[in-house]
2 protein chains.
Amino acid sequence: MDETSRTRRIAQEYVDRTERRDWDGLGALLVEDVVYEMPQTRERFHGRATLLRFNQEYPGDWHLRMRRVVADGPHAALWLDARVGEEEMAACVWLEVSEDGLISRVTDYWPEAYEPPADRGFPVERY
Amino acid sequence: MDETSRTRRIAQEYVDRTERRDWDGLGALLVEDVVYEMPQTRERFHGRATLLRFNQEYPGDWHLRMRRVVADGPHAALWLDARVGEEEMAACVWLEVSEDGLISRVTDYWPEAYEPPADRGFPVERY
């Protein structure tokens, strides 16, 4: 399997195992000193145990579904549909995979819905 | 050049030509009926001319820089650093490229900064 195929598979497993709450399986995808960043809050933490705990303790009945995975060598970008109860949102996740085939860095963006300008000056649909 | 390499090059040009305000060059990368979506506002518009106008009229002295491009067959994910005056933010952009090598769909996320919870219950750095 080439590097891109391996990265794509790891990215899919990252989402699947998180959604299944398969914590041992998720941990097995991560380097020990994995770095997790949320640029929107400028938060960063380190370590497999902390990343597992972050997911384990995240409040609400959350669910993740892969909408698209784009893999390229050691990098993957994941477009996720997330749901917490009735609330739906998207996530954009950037992964880096080590030479050993483990995830070494996770960067999560959680873009929130907002109201558009009243008039952009040209026809725009709302969907 | 294989499809992924072509997509990666198109994605880089998409950002470079937009940053340079090379509107003819940017238009040459797009299919005539390109679809542009912003899921955060659920806005959608169609057409090369409208997408060019959207960029031409977008207010402020904005600048774009590619932080990462991840290309995979006809898909690319772009992690951009954007700056408008003193304000810096990121964008996550999802591109689809047609068989003819033109961009057929652009999906933009503009995640905004927000304050994290006071205490996540484990050590978190702020950067």
# chains A, B, ... in the order shown; residues from 1 in each chain; ligands from 1
call {"tool": "residues_around", "arguments": {"residues": "B:Arg20", "least_positions_apart": "5", "cutoff": "10 Å", "atoms": "only C-alpha atoms", "output": "list in words"}}
result
Val15, Gly25, Leu26, His63 and Leu64 of chain B
call {"tool": "select_by_dssp", "arguments": {"residues": "chain A", "states": "helix (DSSP H, G or I)", "output": "PyMOL selection string"}}
result
chain A and resi 3-19+23-27+48-57
call {"tool": "closest_atom_pairs", "arguments": {"of": "chain A", "to": "chain B", "cutoff": "6 Å", "atoms": "only C-alpha atoms", "output": "JSON lines"}}
result
{"residue": "A:Gln40", "atom": "CA", "partner": "B:Ala113", "partner_atom": "CA", "distance": 4.1}
{"residue": "A:Thr41", "atom": "CA", "partner": "B:Tyr114", "partner_atom": "CA", "distance": 5.5}
{"residue": "A:Arg42", "atom": "CA", "partner": "B:Tyr127", "partner_atom": "CA", "distance": 5.2}
{"residue": "A:Glu43", "atom": "CA", "partner": "B:Arg126", "partner_atom": "CA", "distance": 4.7}
{"residue": "A:Arg44", "atom": "CA", "partner": "B:Glu125", "partner_atom": "CA", "distance": 5.1}
{"residue": "A:Phe45", "atom": "CA", "partner": "B:Val124", "partner_atom": "CA", "distance": 5.1}
{"residue": "A:Val70", "atom": "CA", "partner": "B:Asp72", "partner_atom": "CA", "distance": 5.4}
{"residue": "A:Ala71", "atom": "CA", "partner": "B:Asp72", "partner_atom": "CA", "distance": 5.7}
{"residue": "A:Asp72", "atom": "CA", "partner": "B:Val70", "partner_atom": "CA", "distance": 5.4}
{"residue": "A:Pro111", "atom": "CA", "partner": "B:Pro111", "partner_atom": "CA", "distance": 4.1}
{"residue": "A:Ala113", "atom": "CA", "partner": "B:Gln40", "partner_atom": "CA", "distance": 4.1}
{"residue": "A:Tyr114", "atom": "CA", "partner": "B:Thr41", "partner_atom": "CA", "distance": 5.5}
{"residue": "A:Glu115", "atom": "CA", "partner": "B:Thr41", "partner_atom": "CA", "distance": 5.7}
{"residue": "A:Pro116", "atom": "CA", "partner": "B:Thr41", "partner_atom": "CA", "distance": 5.6}
{"residue": "A:Val124", "atom": "CA", "partner": "B:Phe45", "partner_atom": "CA", "distance": 5.1}
{"residue": "A:Glu125", "atom": "CA", "partner": "B:Arg44", "partner_atom": "CA", "distance": 5.1}
{"residue": "A:Arg126", "atom": "CA", "partner": "B:Glu43", "partner_atom": "CA", "distance": 4.7}
{"residue": "A:Tyr127", "atom": "CA", "partner": "B:Arg42", "partner_atom": "CA", "distance": 5.2}
call {"tool": "write_last_selection", "arguments": {"atoms": "all heavy atoms", "output": "compact mmCIF listing (two decimals), in the first residue's frame"}}
result
# COMPACT_ATOMS: atom_id res chain seq x y z
N GLN A 40 -9.18 27.79 16.67
CA GLN A 40 -10.22 28.79 16.96
C GLN A 40 -10.15 29.29 18.41
O GLN A 40 -10.49 30.43 18.69
CB GLN A 40 -11.61 28.23 16.66
CG GLN A 40 -11.87 28.09 15.17
CD GLN A 40 -13.10 27.25 14.92
OE1 GLN A 40 -13.03 26.02 14.89
NE2 GLN A 40 -14.23 27.90 14.77
N THR A 41 -9.74 28.40 19.30
CA THR A 41 -9.58 28.80 20.71
C THR A 41 -8.11 28.92 21.09
O THR A 41 -7.80 29.24 22.23
CB THR A 41 -10.23 27.77 21.66
OG1 THR A 41 -9.64 26.48 21.40
CG2 THR A 41 -11.74 27.69 21.44
N ARG A 42 -7.24 28.62 20.16
CA ARG A 42 -5.80 28.58 20.40
C ARG A 42 -5.47 27.66 21.57
O ARG A 42 -4.59 27.94 22.38
CB ARG A 42 -5.23 30.00 20.62
CG ARG A 42 -5.57 30.95 19.47
CD ARG A 42 -4.88 32.29 19.57
NE ARG A 42 -3.48 32.22 19.17
CZ ARG A 42 -3.05 32.18 17.91
NH1 ARG A 42 -3.89 32.18 16.91
NH2 ARG A 42 -1.76 32.12 17.65
N GLU A 43 -6.14 26.53 21.62
CA GLU A 43 -5.86 25.50 22.63
C GLU A 43 -4.99 24.41 22.01
O GLU A 43 -5.16 24.05 20.84
CB GLU A 43 -7.14 24.85 23.14
CG GLU A 43 -7.99 25.75 24.02
CD GLU A 43 -9.28 25.05 24.40
OE1 GLU A 43 -10.14 24.87 23.51
OE2 GLU A 43 -9.43 24.69 25.57
N ARG A 44 -4.09 23.88 22.84
CA ARG A 44 -3.23 22.79 22.40
C ARG A 44 -3.00 21.84 23.56
O ARG A 44 -2.81 22.30 24.69
CB ARG A 44 -1.87 23.33 21.93
CG ARG A 44 -0.87 22.25 21.51
CD ARG A 44 0.52 22.84 21.31
NE ARG A 44 0.55 23.78 20.20
CZ ARG A 44 1.08 25.02 20.26
NH1 ARG A 44 1.62 25.47 21.37
NH2 ARG A 44 1.06 25.79 19.19
N PHE A 45 -3.07 20.56 23.30
CA PHE A 45 -2.62 19.62 24.32
C PHE A 45 -1.85 18.48 23.65
O PHE A 45 -1.88 18.30 22.44
CB PHE A 45 -3.75 19.13 25.22
CG PHE A 45 -4.94 18.54 24.53
CD1 PHE A 45 -4.89 17.26 23.99
CD2 PHE A 45 -6.12 19.25 24.41
CE1 PHE A 45 -5.99 16.70 23.37
CE2 PHE A 45 -7.23 18.70 23.78
CZ PHE A 45 -7.16 17.42 23.26
N VAL A 70 -9.57 13.53 2.08
CA VAL A 70 -8.61 13.86 1.03
C VAL A 70 -7.23 13.55 1.60
O VAL A 70 -6.84 14.14 2.61
CB VAL A 70 -8.71 15.35 0.63
CG1 VAL A 70 -7.79 15.67 -0.54
CG2 VAL A 70 -10.15 15.71 0.25
N ALA A 71 -6.54 12.59 1.01
CA ALA A 71 -5.25 12.14 1.54
C ALA A 71 -4.17 12.41 0.51
O ALA A 71 -4.40 12.27 -0.70
CB ALA A 71 -5.30 10.66 1.88
N ASP A 72 -3.00 12.77 0.99
CA ASP A 72 -1.90 13.17 0.10
C ASP A 72 -0.60 12.93 0.87
O ASP A 72 -0.23 13.74 1.71
CB ASP A 72 -2.08 14.66 -0.26
CG ASP A 72 -1.23 15.10 -1.43
OD1 ASP A 72 -0.40 14.33 -1.91
OD2 ASP A 72 -1.42 16.27 -1.85
N PRO A 111 -16.28 25.15 12.46
CA PRO A 111 -16.89 26.41 12.01
C PRO A 111 -18.37 26.48 12.40
O PRO A 111 -19.11 25.52 12.19
CB PRO A 111 -16.74 26.38 10.50
CG PRO A 111 -16.24 25.03 10.13
CD PRO A 111 -15.94 24.25 11.36
N ALA A 113 -22.27 28.21 12.40
CA ALA A 113 -23.20 28.90 11.51
C ALA A 113 -23.29 30.37 11.89
O ALA A 113 -23.13 30.74 13.06
CB ALA A 113 -24.58 28.25 11.60
N TYR A 114 -23.52 31.22 10.92
CA TYR A 114 -23.77 32.64 11.20
C TYR A 114 -24.68 33.21 10.13
O TYR A 114 -24.87 32.60 9.07
CB TYR A 114 -22.46 33.43 11.34
CG TYR A 114 -21.59 33.47 10.12
CD1 TYR A 114 -21.71 34.49 9.19
CD2 TYR A 114 -20.62 32.50 9.90
CE1 TYR A 114 -20.90 34.54 8.07
CE2 TYR A 114 -19.80 32.52 8.79
CZ TYR A 114 -19.94 33.54 7.87
OH TYR A 114 -19.14 33.59 6.76
N GLU A 115 -25.21 34.39 10.40
CA GLU A 115 -26.11 35.03 9.45
C GLU A 115 -25.30 35.77 8.38
O GLU A 115 -24.36 36.49 8.71
CB GLU A 115 -27.03 36.03 10.17
CG GLU A 115 -28.19 35.34 10.85
CD GLU A 115 -29.02 34.52 9.88
OE1 GLU A 115 -29.51 35.08 8.88
OE2 GLU A 115 -29.17 33.30 10.11
N PRO A 116 -25.67 35.61 7.12
CA PRO A 116 -24.95 36.32 6.05
C PRO A 116 -25.36 37.78 6.01
O PRO A 116 -26.36 38.17 6.61
CB PRO A 116 -25.42 35.59 4.79
CG PRO A 116 -26.79 35.12 5.12
CD PRO A 116 -26.77 34.79 6.60
N VAL A 124 -28.01 35.20 -4.56
CA VAL A 124 -27.46 34.13 -3.74
C VAL A 124 -28.63 33.30 -3.24
O VAL A 124 -29.60 33.83 -2.71
CB VAL A 124 -26.68 34.70 -2.52
CG1 VAL A 124 -26.17 33.59 -1.65
CG2 VAL A 124 -25.54 35.59 -2.99
N GLU A 125 -28.55 31.99 -3.43
CA GLU A 125 -29.54 31.07 -2.83
C GLU A 125 -29.20 30.85 -1.37
O GLU A 125 -28.04 30.83 -0.99
CB GLU A 125 -29.43 29.66 -3.46
CG GLU A 125 -29.85 29.51 -4.86
CD GLU A 125 -29.41 28.12 -5.38
OE1 GLU A 125 -29.43 27.14 -4.60
OE2 GLU A 125 -29.04 28.05 -6.54
N ARG A 126 -30.25 30.59 -0.58
CA ARG A 126 -30.04 30.00 0.75
C ARG A 126 -30.51 28.56 0.68
O ARG A 126 -31.56 28.28 0.11
CB ARG A 126 -30.85 30.75 1.82
CG ARG A 126 -30.49 32.20 1.99
CD ARG A 126 -29.07 32.43 2.49
NE ARG A 126 -28.79 31.86 3.81
CZ ARG A 126 -29.15 32.40 4.97
NH1 ARG A 126 -29.84 33.55 4.98
NH2 ARG A 126 -28.84 31.83 6.12
N TYR A 127 -29.73 27.67 1.23
CA TYR A 127 -30.12 26.25 1.21
C TYR A 127 -30.21 25.71 2.62
O TYR A 127 -29.96 26.42 3.56
CB TYR A 127 -29.17 25.43 0.32
CG TYR A 127 -27.74 25.34 0.79
CD1 TYR A 127 -27.30 24.27 1.56
CD2 TYR A 127 -26.80 26.32 0.44
CE1 TYR A 127 -25.97 24.17 1.96
CE2 TYR A 127 -25.47 26.22 0.85
CZ TYR A 127 -25.07 25.16 1.62
OH TYR A 127 -23.77 25.06 2.03
call {"tool": "atom_distance", "arguments": {"atom1": "atom CA of B:Asp100", "atom2": "atom CA of B:Thr7"}}
result
10.9 Å
